[in-house]
file input09.cif (mmCIF, N, CA and C atoms)
data_structure
loop_
_atom_site.label_atom_id
_atom_site.label_comp_id
_atom_site.auth_asym_id
_atom_site.auth_seq_id
_atom_site.Cartn_x
_atom_site.Cartn_y
_atom_site.Cartn_z
N MET A 1 29.46 -29.55 63.20
CA MET A 1 30.66 -28.80 63.54
C MET A 1 31.06 -27.97 62.34
N LYS A 2 31.46 -26.76 62.60
CA LYS A 2 31.86 -25.83 61.54
C LYS A 2 33.10 -25.09 62.00
N ILE A 3 34.03 -24.87 61.06
CA ILE A 3 35.20 -24.06 61.37
C ILE A 3 34.90 -22.66 60.85
N ASP A 4 34.81 -21.70 61.75
CA ASP A 4 34.42 -20.35 61.35
C ASP A 4 35.59 -19.49 60.89
N ASP A 5 36.68 -19.54 61.62
CA ASP A 5 37.75 -18.57 61.39
C ASP A 5 39.09 -19.18 61.77
N GLY A 6 40.13 -18.46 61.45
CA GLY A 6 41.48 -18.88 61.81
C GLY A 6 42.43 -18.51 60.70
N SER A 7 43.67 -18.23 61.06
CA SER A 7 44.62 -17.86 60.01
C SER A 7 45.06 -19.12 59.27
N ILE A 8 45.30 -18.94 57.99
CA ILE A 8 45.71 -20.02 57.10
C ILE A 8 47.23 -19.93 56.94
N VAL A 9 47.94 -20.96 57.38
CA VAL A 9 49.40 -20.96 57.31
C VAL A 9 49.85 -22.17 56.48
N PRO A 10 50.39 -21.92 55.29
CA PRO A 10 50.81 -23.01 54.40
C PRO A 10 51.76 -23.98 55.08
N GLY A 11 51.49 -25.28 54.90
CA GLY A 11 52.35 -26.31 55.46
C GLY A 11 52.29 -26.44 56.96
N VAL A 12 51.44 -25.64 57.63
CA VAL A 12 51.36 -25.65 59.10
C VAL A 12 49.96 -26.00 59.59
N GLY A 13 48.94 -25.28 59.10
CA GLY A 13 47.59 -25.56 59.56
C GLY A 13 46.64 -24.40 59.31
N ILE A 14 45.43 -24.55 59.84
CA ILE A 14 44.40 -23.53 59.74
C ILE A 14 43.84 -23.32 61.14
N GLY A 15 43.98 -22.10 61.65
CA GLY A 15 43.52 -21.80 63.00
C GLY A 15 44.22 -22.68 64.02
N ASN A 16 43.44 -23.29 64.90
CA ASN A 16 44.02 -24.13 65.95
C ASN A 16 44.23 -25.58 65.51
N ILE A 17 43.95 -25.88 64.26
CA ILE A 17 44.13 -27.25 63.75
C ILE A 17 45.42 -27.29 62.94
N LYS A 18 46.38 -28.03 63.44
CA LYS A 18 47.71 -28.08 62.83
C LYS A 18 47.91 -29.41 62.10
N LEU A 19 48.63 -29.33 60.99
CA LEU A 19 49.03 -30.54 60.28
C LEU A 19 49.93 -31.37 61.19
N ASP A 20 49.99 -32.66 60.94
CA ASP A 20 50.84 -33.61 61.69
C ASP A 20 50.26 -34.04 63.03
N ILE A 21 49.12 -33.46 63.47
CA ILE A 21 48.52 -33.98 64.70
C ILE A 21 47.91 -35.35 64.37
N THR A 22 47.68 -36.15 65.40
CA THR A 22 47.10 -37.48 65.17
C THR A 22 45.59 -37.36 64.93
N ARG A 23 45.03 -38.43 64.40
CA ARG A 23 43.58 -38.50 64.18
C ARG A 23 42.85 -38.23 65.50
N GLU A 24 43.33 -38.83 66.58
CA GLU A 24 42.69 -38.67 67.89
C GLU A 24 42.75 -37.21 68.35
N GLN A 25 43.88 -36.56 68.14
CA GLN A 25 43.99 -35.14 68.52
C GLN A 25 43.00 -34.30 67.71
N LEU A 26 42.86 -34.60 66.42
CA LEU A 26 41.89 -33.89 65.58
C LEU A 26 40.49 -34.07 66.12
N LEU A 27 40.11 -35.32 66.43
CA LEU A 27 38.76 -35.59 66.93
C LEU A 27 38.50 -34.90 68.26
N ASN A 28 39.53 -34.72 69.08
CA ASN A 28 39.37 -33.97 70.33
C ASN A 28 39.03 -32.51 70.05
N ILE A 29 39.52 -31.98 68.93
CA ILE A 29 39.25 -30.58 68.57
C ILE A 29 37.87 -30.44 67.93
N ILE A 30 37.55 -31.32 66.98
CA ILE A 30 36.31 -31.14 66.20
C ILE A 30 35.08 -31.78 66.83
N GLY A 31 35.26 -32.70 67.77
CA GLY A 31 34.13 -33.34 68.42
C GLY A 31 33.60 -34.52 67.63
N SER A 32 32.36 -34.90 67.89
CA SER A 32 31.83 -36.15 67.32
C SER A 32 30.91 -35.94 66.12
N ASP A 33 30.65 -34.70 65.74
CA ASP A 33 29.74 -34.43 64.62
C ASP A 33 30.53 -34.37 63.31
N PHE A 34 30.87 -35.55 62.77
CA PHE A 34 31.62 -35.62 61.52
C PHE A 34 31.28 -36.91 60.79
N LYS A 35 31.65 -36.96 59.52
CA LYS A 35 31.55 -38.18 58.72
C LYS A 35 32.97 -38.56 58.34
N GLU A 36 33.22 -39.87 58.25
CA GLU A 36 34.55 -40.31 57.83
C GLU A 36 34.42 -41.31 56.70
N ARG A 37 35.21 -41.08 55.68
CA ARG A 37 35.24 -41.94 54.50
C ARG A 37 36.61 -42.61 54.47
N PHE A 38 36.60 -43.95 54.51
CA PHE A 38 37.86 -44.68 54.48
C PHE A 38 38.20 -45.05 53.05
N ARG A 39 39.45 -44.77 52.66
CA ARG A 39 39.91 -45.09 51.32
C ARG A 39 41.05 -46.10 51.45
N GLU A 40 41.67 -46.45 50.33
CA GLU A 40 42.68 -47.51 50.36
C GLU A 40 43.82 -47.23 51.34
N ASN A 41 44.41 -46.03 51.28
CA ASN A 41 45.57 -45.73 52.10
C ASN A 41 45.37 -44.61 53.10
N ASP A 42 44.17 -44.06 53.16
CA ASP A 42 43.93 -42.94 54.07
C ASP A 42 42.45 -42.84 54.37
N SER A 43 42.07 -41.79 55.09
CA SER A 43 40.65 -41.52 55.31
C SER A 43 40.44 -40.02 55.25
N VAL A 44 39.19 -39.64 54.98
CA VAL A 44 38.83 -38.23 54.91
C VAL A 44 37.70 -37.99 55.92
N ILE A 45 37.96 -37.07 56.84
CA ILE A 45 36.96 -36.70 57.84
C ILE A 45 36.33 -35.39 57.39
N GLU A 46 34.99 -35.35 57.39
CA GLU A 46 34.28 -34.16 56.91
C GLU A 46 33.40 -33.59 58.00
N VAL A 47 33.44 -32.25 58.11
CA VAL A 47 32.50 -31.50 58.93
C VAL A 47 31.78 -30.53 57.98
N GLU A 48 30.95 -29.68 58.51
CA GLU A 48 30.09 -28.84 57.67
C GLU A 48 30.84 -28.09 56.56
N ASN A 49 31.97 -27.48 56.88
CA ASN A 49 32.65 -26.67 55.86
C ASN A 49 34.15 -26.96 55.76
N ALA A 50 34.55 -28.16 56.18
CA ALA A 50 35.97 -28.51 56.12
C ALA A 50 36.15 -30.01 55.95
N ARG A 51 37.31 -30.36 55.40
CA ARG A 51 37.71 -31.76 55.26
C ARG A 51 39.13 -31.92 55.80
N PHE A 52 39.38 -33.12 56.32
CA PHE A 52 40.68 -33.43 56.91
C PHE A 52 41.14 -34.78 56.39
N TRP A 53 42.32 -34.83 55.79
CA TRP A 53 42.86 -36.07 55.27
C TRP A 53 43.81 -36.67 56.29
N ILE A 54 43.52 -37.89 56.71
CA ILE A 54 44.38 -38.61 57.65
C ILE A 54 45.20 -39.61 56.84
N ALA A 55 46.52 -39.47 56.90
CA ALA A 55 47.43 -40.30 56.10
C ALA A 55 47.66 -41.66 56.77
N GLU A 56 48.42 -42.49 56.09
CA GLU A 56 48.73 -43.84 56.60
C GLU A 56 49.42 -43.81 57.96
N ASP A 57 50.14 -42.73 58.27
CA ASP A 57 50.83 -42.63 59.56
C ASP A 57 49.89 -42.16 60.68
N ASN A 58 48.57 -42.11 60.40
CA ASN A 58 47.53 -41.71 61.35
C ASN A 58 47.62 -40.24 61.74
N CYS A 59 48.31 -39.45 60.90
CA CYS A 59 48.45 -38.02 61.18
C CYS A 59 47.76 -37.18 60.12
N LEU A 60 47.40 -35.97 60.50
CA LEU A 60 46.70 -35.05 59.60
C LEU A 60 47.65 -34.59 58.50
N ASP A 61 47.28 -34.89 57.27
CA ASP A 61 48.12 -34.65 56.11
C ASP A 61 47.68 -33.41 55.33
N GLN A 62 46.36 -33.13 55.35
CA GLN A 62 45.83 -32.01 54.58
C GLN A 62 44.54 -31.52 55.22
N ILE A 63 44.30 -30.21 55.12
CA ILE A 63 43.07 -29.58 55.61
C ILE A 63 42.49 -28.78 54.46
N GLY A 64 41.19 -28.88 54.24
CA GLY A 64 40.51 -28.08 53.23
C GLY A 64 39.33 -27.36 53.84
N VAL A 65 39.19 -26.07 53.51
CA VAL A 65 38.04 -25.29 54.00
C VAL A 65 37.26 -24.74 52.81
N GLN A 66 35.98 -24.44 53.05
CA GLN A 66 35.11 -23.94 51.99
C GLN A 66 34.13 -22.93 52.55
N LYS A 67 33.07 -22.63 51.78
CA LYS A 67 32.08 -21.61 52.14
C LYS A 67 31.67 -21.71 53.60
N GLY A 68 31.63 -20.56 54.26
CA GLY A 68 31.31 -20.51 55.69
C GLY A 68 32.54 -20.29 56.53
N PHE A 69 33.73 -20.49 55.93
CA PHE A 69 34.98 -20.23 56.63
C PHE A 69 35.42 -18.81 56.29
N THR A 70 35.70 -18.00 57.31
CA THR A 70 36.01 -16.58 57.06
C THR A 70 37.47 -16.23 57.29
N GLY A 71 38.29 -17.22 57.66
CA GLY A 71 39.71 -16.94 57.89
C GLY A 71 40.43 -16.54 56.61
N LYS A 72 41.60 -15.97 56.77
CA LYS A 72 42.36 -15.45 55.62
C LYS A 72 43.78 -15.97 55.61
N PHE A 73 44.35 -15.96 54.42
CA PHE A 73 45.77 -16.23 54.20
C PHE A 73 46.43 -14.88 53.97
N LYS A 74 47.42 -14.56 54.80
CA LYS A 74 48.13 -13.28 54.73
C LYS A 74 47.18 -12.07 54.78
N LYS A 75 46.12 -12.19 55.55
CA LYS A 75 45.13 -11.13 55.82
C LYS A 75 44.26 -10.74 54.62
N TYR A 76 44.53 -11.28 53.43
CA TYR A 76 43.79 -10.85 52.24
C TYR A 76 43.00 -11.96 51.54
N ILE A 77 43.56 -13.16 51.48
CA ILE A 77 43.00 -14.18 50.61
C ILE A 77 42.15 -15.17 51.41
N GLY A 78 40.89 -15.30 51.00
CA GLY A 78 39.98 -16.22 51.67
C GLY A 78 39.02 -16.83 50.67
N ILE A 79 38.02 -17.54 51.17
CA ILE A 79 36.98 -18.11 50.32
C ILE A 79 36.29 -16.94 49.63
N GLY A 80 36.14 -17.02 48.30
CA GLY A 80 35.50 -15.95 47.54
C GLY A 80 36.50 -14.99 46.91
N SER A 81 37.76 -15.01 47.37
CA SER A 81 38.79 -14.20 46.71
C SER A 81 39.04 -14.79 45.32
N THR A 82 39.89 -14.15 44.54
CA THR A 82 40.17 -14.62 43.17
C THR A 82 41.68 -14.77 42.96
N LEU A 83 42.03 -15.40 41.84
CA LEU A 83 43.45 -15.50 41.49
C LEU A 83 44.01 -14.12 41.18
N GLN A 84 43.16 -13.20 40.72
CA GLN A 84 43.61 -11.82 40.53
C GLN A 84 44.04 -11.22 41.87
N ASP A 85 43.27 -11.50 42.92
CA ASP A 85 43.64 -11.05 44.27
C ASP A 85 44.99 -11.65 44.68
N ILE A 86 45.18 -12.94 44.38
CA ILE A 86 46.45 -13.58 44.71
C ILE A 86 47.60 -12.88 43.99
N LYS A 87 47.42 -12.61 42.70
CA LYS A 87 48.46 -11.91 41.94
C LYS A 87 48.74 -10.53 42.54
N ASN A 88 47.69 -9.82 42.93
CA ASN A 88 47.84 -8.47 43.47
C ASN A 88 48.52 -8.43 44.83
N TYR A 89 48.17 -9.38 45.73
CA TYR A 89 48.62 -9.32 47.11
C TYR A 89 49.74 -10.30 47.47
N ILE A 90 49.82 -11.42 46.76
CA ILE A 90 50.74 -12.49 47.17
C ILE A 90 51.85 -12.72 46.14
N GLY A 91 51.48 -12.86 44.88
CA GLY A 91 52.48 -13.16 43.86
C GLY A 91 51.93 -14.12 42.81
N GLU A 92 52.82 -14.69 42.04
CA GLU A 92 52.42 -15.56 40.94
C GLU A 92 51.97 -16.93 41.44
N TYR A 93 51.17 -17.59 40.62
CA TYR A 93 50.65 -18.92 40.92
C TYR A 93 50.87 -19.80 39.70
N ILE A 94 50.75 -21.11 39.92
CA ILE A 94 50.82 -22.07 38.82
C ILE A 94 49.66 -23.05 38.95
N GLN A 95 49.18 -23.54 37.83
CA GLN A 95 48.10 -24.53 37.86
C GLN A 95 48.70 -25.91 38.03
N VAL A 96 48.15 -26.68 38.96
CA VAL A 96 48.55 -28.06 39.18
C VAL A 96 47.27 -28.89 39.19
N TYR A 97 47.03 -29.60 38.10
CA TYR A 97 45.78 -30.34 37.89
C TYR A 97 44.61 -29.37 38.01
N ASP A 98 43.70 -29.62 38.99
CA ASP A 98 42.51 -28.76 39.13
C ASP A 98 42.69 -27.66 40.17
N THR A 99 43.90 -27.50 40.68
CA THR A 99 44.13 -26.49 41.72
C THR A 99 45.23 -25.53 41.28
N TYR A 100 45.39 -24.50 42.08
CA TYR A 100 46.40 -23.47 41.81
C TYR A 100 47.29 -23.35 43.04
N GLU A 101 48.59 -23.44 42.83
CA GLU A 101 49.56 -23.32 43.91
C GLU A 101 50.36 -22.05 43.73
N LEU A 102 50.97 -21.60 44.80
CA LEU A 102 51.80 -20.42 44.73
C LEU A 102 53.20 -20.79 44.26
N GLU A 103 53.79 -19.93 43.45
CA GLU A 103 55.15 -20.20 42.96
C GLU A 103 56.17 -20.19 44.08
N ARG A 104 56.03 -19.27 45.03
CA ARG A 104 57.07 -19.07 46.04
C ARG A 104 56.76 -19.68 47.40
N GLU A 105 55.58 -20.22 47.58
CA GLU A 105 55.22 -20.76 48.88
C GLU A 105 54.60 -22.13 48.72
N LYS A 106 55.14 -23.12 49.41
CA LYS A 106 54.64 -24.49 49.33
C LYS A 106 53.70 -24.78 50.49
N GLY A 107 52.80 -25.76 50.27
CA GLY A 107 51.93 -26.18 51.36
C GLY A 107 50.56 -25.54 51.35
N ILE A 108 50.18 -24.89 50.23
CA ILE A 108 48.85 -24.30 50.11
C ILE A 108 48.42 -24.37 48.65
N CYS A 109 47.13 -24.61 48.44
CA CYS A 109 46.59 -24.51 47.08
C CYS A 109 45.13 -24.08 47.14
N PHE A 110 44.63 -23.68 45.98
CA PHE A 110 43.29 -23.11 45.86
C PHE A 110 42.54 -23.81 44.75
N GLU A 111 41.25 -24.04 44.96
CA GLU A 111 40.38 -24.61 43.92
C GLU A 111 39.28 -23.59 43.65
N LEU A 112 39.02 -23.36 42.36
CA LEU A 112 38.07 -22.32 41.98
C LEU A 112 36.67 -22.86 41.80
N GLU A 113 35.70 -21.99 42.02
CA GLU A 113 34.29 -22.31 41.82
C GLU A 113 34.01 -22.41 40.33
N ASP A 114 33.14 -23.33 39.97
CA ASP A 114 32.75 -23.50 38.57
C ASP A 114 31.56 -22.58 38.31
N VAL A 115 31.82 -21.41 37.74
CA VAL A 115 30.77 -20.42 37.52
C VAL A 115 30.55 -20.20 36.03
N ASP A 116 29.40 -19.61 35.67
CA ASP A 116 29.14 -19.24 34.28
C ASP A 116 30.18 -18.21 33.84
N ASP A 117 30.51 -18.23 32.55
CA ASP A 117 31.52 -17.32 32.00
C ASP A 117 32.82 -17.41 32.81
N TRP A 118 33.22 -18.66 33.10
CA TRP A 118 34.39 -18.93 33.94
C TRP A 118 35.63 -18.27 33.38
N ASN A 119 36.35 -17.59 34.26
CA ASN A 119 37.61 -16.96 33.91
C ASN A 119 38.56 -17.24 35.07
N GLU A 120 39.72 -17.78 34.75
CA GLU A 120 40.69 -18.17 35.77
C GLU A 120 40.98 -17.03 36.76
N LEU A 121 41.10 -15.82 36.28
CA LEU A 121 41.48 -14.72 37.17
C LEU A 121 40.34 -14.21 38.04
N THR A 122 39.10 -14.39 37.57
CA THR A 122 37.98 -13.79 38.30
C THR A 122 37.04 -14.80 38.95
N ALA A 123 37.19 -16.09 38.67
CA ALA A 123 36.35 -17.10 39.32
C ALA A 123 36.67 -17.11 40.82
N PRO A 124 35.65 -17.15 41.67
CA PRO A 124 35.91 -17.12 43.12
C PRO A 124 36.58 -18.41 43.61
N ILE A 125 37.45 -18.27 44.60
CA ILE A 125 38.06 -19.43 45.24
C ILE A 125 36.98 -20.13 46.05
N GLU A 126 36.81 -21.43 45.79
CA GLU A 126 35.78 -22.21 46.49
C GLU A 126 36.37 -23.03 47.64
N PHE A 127 37.60 -23.50 47.46
CA PHE A 127 38.28 -24.31 48.48
C PHE A 127 39.70 -23.82 48.66
N ILE A 128 40.16 -23.82 49.91
CA ILE A 128 41.57 -23.54 50.22
C ILE A 128 42.08 -24.76 50.98
N TYR A 129 43.22 -25.27 50.53
CA TYR A 129 43.82 -26.44 51.16
C TYR A 129 45.22 -26.10 51.67
N VAL A 130 45.55 -26.59 52.85
CA VAL A 130 46.94 -26.57 53.31
C VAL A 130 47.34 -28.02 53.50
N PHE A 131 48.61 -28.30 53.22
CA PHE A 131 49.06 -29.69 53.28
C PHE A 131 50.51 -29.76 53.72
N ARG A 132 50.86 -30.96 54.20
CA ARG A 132 52.22 -31.21 54.64
C ARG A 132 53.16 -31.11 53.45
N VAL A 133 54.30 -30.53 53.67
CA VAL A 133 55.31 -30.42 52.63
C VAL A 133 56.40 -31.42 52.95
N ALA A 134 56.78 -32.21 51.96
CA ALA A 134 57.82 -33.23 52.19
C ALA A 134 59.11 -32.59 52.67
N LYS A 135 59.67 -33.16 53.71
CA LYS A 135 60.94 -32.65 54.25
C LYS A 135 62.07 -33.42 53.62
N HIS A 136 63.05 -32.72 53.12
CA HIS A 136 64.17 -33.39 52.44
C HIS A 136 65.37 -33.47 53.35
#

call {"tool": "encode", "arguments": {"input": "input09.cif", "output": "structure tokens"}}
result
Amino acid sequence: MKIDDGSIVPGVGIGNIKLDITREQLLNIIGSDFKERFRENDSVIEVENARFWIAEDNCLDQIGVQKGFTGKFKKYIGIGSTLQDIKNYIGEYIQVYDTYELEREKGICFELEDVDDWNELTAPIEFIYVFRVAKH
């Protein structure tokens, strides 16, 4: 199973897969061709070019996409884009551990490819994640 396309909406979902759906609802969408890794408090379901984190409440907590996914965030940012593209089209970002989040928008982050002559602004985005944002 592969996720080809779909709009990326921070804190909401990617394409027709929405955060907060149950594990069973996710499996109805992606089918039976997946691997699942169970961890202490959650599990991670993997398909060819995406990962899905199922939280303790049995709901989808985070979605990650990678190479082979052609969808975009705000029509410009996708796999292979750069942080320079984010600065040009979206706004400022901040580094949080190994990922980059947007200053003004919660529920999305980017992980860069490890390339030769690595430069934060020009290294291609390898993974895009959307995740649930805590409600206060």

call {"tool": "closest_atom_pairs", "arguments": {"input": "input09.cif", "of": "region 12-39 of chain A", "to": "region 63-75 of chain A", "cutoff": "8 Å", "atoms": "only N, CA and C atoms", "output": "tab-separated table"}}
result
residue	atom	partner	partner_atom	distance
A:Gly13	CA	A:Ile63	N	7.2
A:Ile14	N	A:Ile63	CA	7.0
A:Gly15	N	A:Gly71	CA	7.7
A:Lys18	C	A:Ile63	N	7.9
A:Leu19	CA	A:Ile63	N	7.0

call {"tool": "resolve_selection", "arguments": {"input": "input09.cif", "expression": "the PyMOL selection byres ((chain A and resi 132) around 6)", "output": "JSON list (two decimals) with N, CA and C atoms, in the frame of the given file"}}
result
[["chain", "number", "residue", "atom", "x", "y", "z"],
["A", 11, "GLY", "N", 51.49, -25.28, 54.90],
["A", 11, "GLY", "CA", 52.35, -26.31, 55.46],
["A", 11, "GLY", "C", 52.29, -26.44, 56.96],
["A", 61, "ASP", "N", 47.28, -34.89, 57.27],
["A", 61, "ASP", "CA", 48.12, -34.65, 56.11],
["A", 61, "ASP", "C", 47.68, -33.41, 55.33],
["A", 62, "GLN", "N", 46.36, -33.13, 55.35],
["A", 62, "GLN", "CA", 45.83, -32.01, 54.58],
["A", 62, "GLN", "C", 44.54, -31.52, 55.22],
["A", 107, "GLY", "N", 52.80, -25.76, 50.27],
["A", 107, "GLY", "CA", 51.93, -26.18, 51.36],
["A", 107, "GLY", "C", 50.56, -25.54, 51.35],
["A", 130, "VAL", "N", 45.55, -26.59, 52.85],
["A", 130, "VAL", "CA", 46.94, -26.57, 53.31],
["A", 130, "VAL", "C", 47.34, -28.02, 53.50],
["A", 131, "PHE", "N", 48.61, -28.30, 53.22],
["A", 131, "PHE", "CA", 49.06, -29.69, 53.28],
["A", 131, "PHE", "C", 50.51, -29.76, 53.72],
["A", 133, "VAL", "N", 54.30, -30.53, 53.67],
["A", 133, "VAL", "CA", 55.31, -30.42, 52.63],
["A", 133, "VAL", "C", 56.40, -31.42, 52.95],
["A", 134, "ALA", "N", 56.78, -32.21, 51.96],
["A", 134, "ALA", "CA", 57.82, -33.23, 52.19],
["A", 134, "ALA", "C", 59.11, -32.59, 52.67]]

call {"tool": "select_by_dssp", "arguments": {"input": "input09.cif", "residues": "chain A", "states": "alpha helix (DSSP H)", "output": "list of chain:residue names"}}
result
A:Arg23, A:Glu24, A:Gln25, A:Leu26, A:Leu27, A:Asn28, A:Ile29, A:Ile30, A:Leu83, A:Gln84, A:Asp85, A:Ile86, A:Lys87, A:Asn88, A:Tyr89

call {"tool": "residues_around", "arguments": {"input": "input09.cif", "residues": "Glu120 (chain A)", "least_positions_apart": "2", "cutoff": "8 Å", "atoms": "all atoms listed in the file", "output": "list of chain:residue names"}}
result
A:Thr82, A:Leu83, A:Gln84, A:Leu112, A:Asp117, A:Trp118, A:Thr122, A:Ala123, A:Pro124

call {"tool": "atom_distance", "arguments": {"input": "input09.cif", "atom1": "atom C of Val9 (chain A)", "atom2": "atom N of Ile108 (chain A)"}}
result
6.8 Å

call {"tool": "select_by_dssp", "arguments": {"input": "input09.cif", "residues": "chain A", "states": "strand (DSSP E or B)", "output": "ChimeraX atom specification"}}
result
/A:8-9,13-14,17-18,22,35-38,43-47,50-54,59-65,73,77,93-96,99-102,108-112,125-131

call {"tool": "closest_atom_pairs", "arguments": {"input": "input09.cif", "of": "region 39-60 of chain A", "to": "region 20-23 of chain A", "cutoff": "6.5 Å", "atoms": "all atoms listed in the file", "output": "CSV"}}
result
residue,atom,partner,partner_atom,distance
A:Asn58,C,A:Arg23,N,4.1
A:Cys59,CA,A:Ile21,C,4.2
A:Leu60,C,A:Asp20,N,3.9

call {"tool": "atom_distance", "arguments": {"input": "input09.cif", "atom1": "CA of Ala55 (chain A)", "atom2": "CA of Asp42 (chain A)"}}
result
4.8 Å

call {"tool": "atom_distance", "arguments": {"input": "input09.cif", "atom1": "CA of Asn49 (chain A)", "atom2": "CA of Lys87 (chain A)"}}
result
25.7 Å

call {"tool": "residues_around", "arguments": {"input": "input09.cif", "residues": "Thr99 (chain A)", "least_positions_apart": "6", "cutoff": "7 Å", "atoms": "all atoms listed in the file", "output": "PDB file with N, CA and C atoms, keeping the file's coordinate frame"}}
result
ATOM      1  N   CYS A 109      47.130 -24.610  48.440  1.00  0.00           N
ATOM      2  CA  CYS A 109      46.590 -24.510  47.080  1.00  0.00           C
ATOM      3  C   CYS A 109      45.130 -24.080  47.140  1.00  0.00           C
ATOM      4  N   PHE A 110      44.630 -23.680  45.980  1.00  0.00           N
ATOM      5  CA  PHE A 110      43.290 -23.110  45.860  1.00  0.00           C
ATOM      6  C   PHE A 110      42.540 -23.810  44.750  1.00  0.00           C
ATOM      7  N   GLU A 111      41.250 -24.040  44.960  1.00  0.00           N
ATOM      8  CA  GLU A 111      40.380 -24.610  43.920  1.00  0.00           C
ATOM      9  C   GLU A 111      39.280 -23.590  43.650  1.00  0.00           C
ATOM     10  N   LEU A 112      39.020 -23.360  42.360  1.00  0.00           N
ATOM     11  CA  LEU A 112      38.070 -22.320  41.980  1.00  0.00           C
ATOM     12  C   LEU A 112      36.670 -22.860  41.800  1.00  0.00           C
TER      13      LEU A 112
END

call {"tool": "closest_residue", "arguments": {"input": "input09.cif", "among": "A:Tyr97, A:Ile3, A:Tyr89, A:Ser43", "to": "Glu56 (chain A)", "atoms": "all atoms listed in the file"}}
result
A:Ser43

call {"tool": "closest_residue", "arguments": {"input": "input09.cif", "among": "A:Ala50, A:Asn88, A:Asp57, A:Met1", "to": "Gly31 (chain A)", "atoms": "all atoms listed in the file"}}
result
A:Met1

call {"tool": "closest_residue", "arguments": {"input": "input09.cif", "among": "A:Glu126, A:Asp116, A:Glu36, A:Asp5", "to": "Gly80 (chain A)", "atoms": "all atoms listed in the file"}}
result
A:Glu126

call {"tool": "closest_residue", "arguments": {"input": "input09.cif", "among": "A:Ile54, A:Lys2, A:Ile79, A:Arg104", "to": "Asp33 (chain A)", "atoms": "only N, CA and C atoms"}}
result
A:Lys2

call {"tool": "closest_residue", "arguments": {"input": "input09.cif", "among": "A:Glu40, A:Asp85, A:Glu24, A:Glu101", "to": "Pro10 (chain A)", "atoms": "only C-alpha atoms"}}
result
A:Glu101

call {"tool": "closest_residue", "arguments": {"input": "input09.cif", "among": "A:Gly78, A:Ser7, A:Phe38, A:Glu48", "to": "Ile128 (chain A)", "atoms": "only N, CA and C atoms"}}
result
A:Gly78

call {"tool": "resolve_selection", "arguments": {"input": "input09.cif", "expression": "the PyMOL selection byres (((chain A and resi 45 and name CA) around 8) and name CA)", "output": "list in words"}}
result
Phe34, Lys35, Glu36, Arg37, Ser43, Val44, Glu46, Val47, Arg51, Phe52, Trp53 and Ile54 of chain A
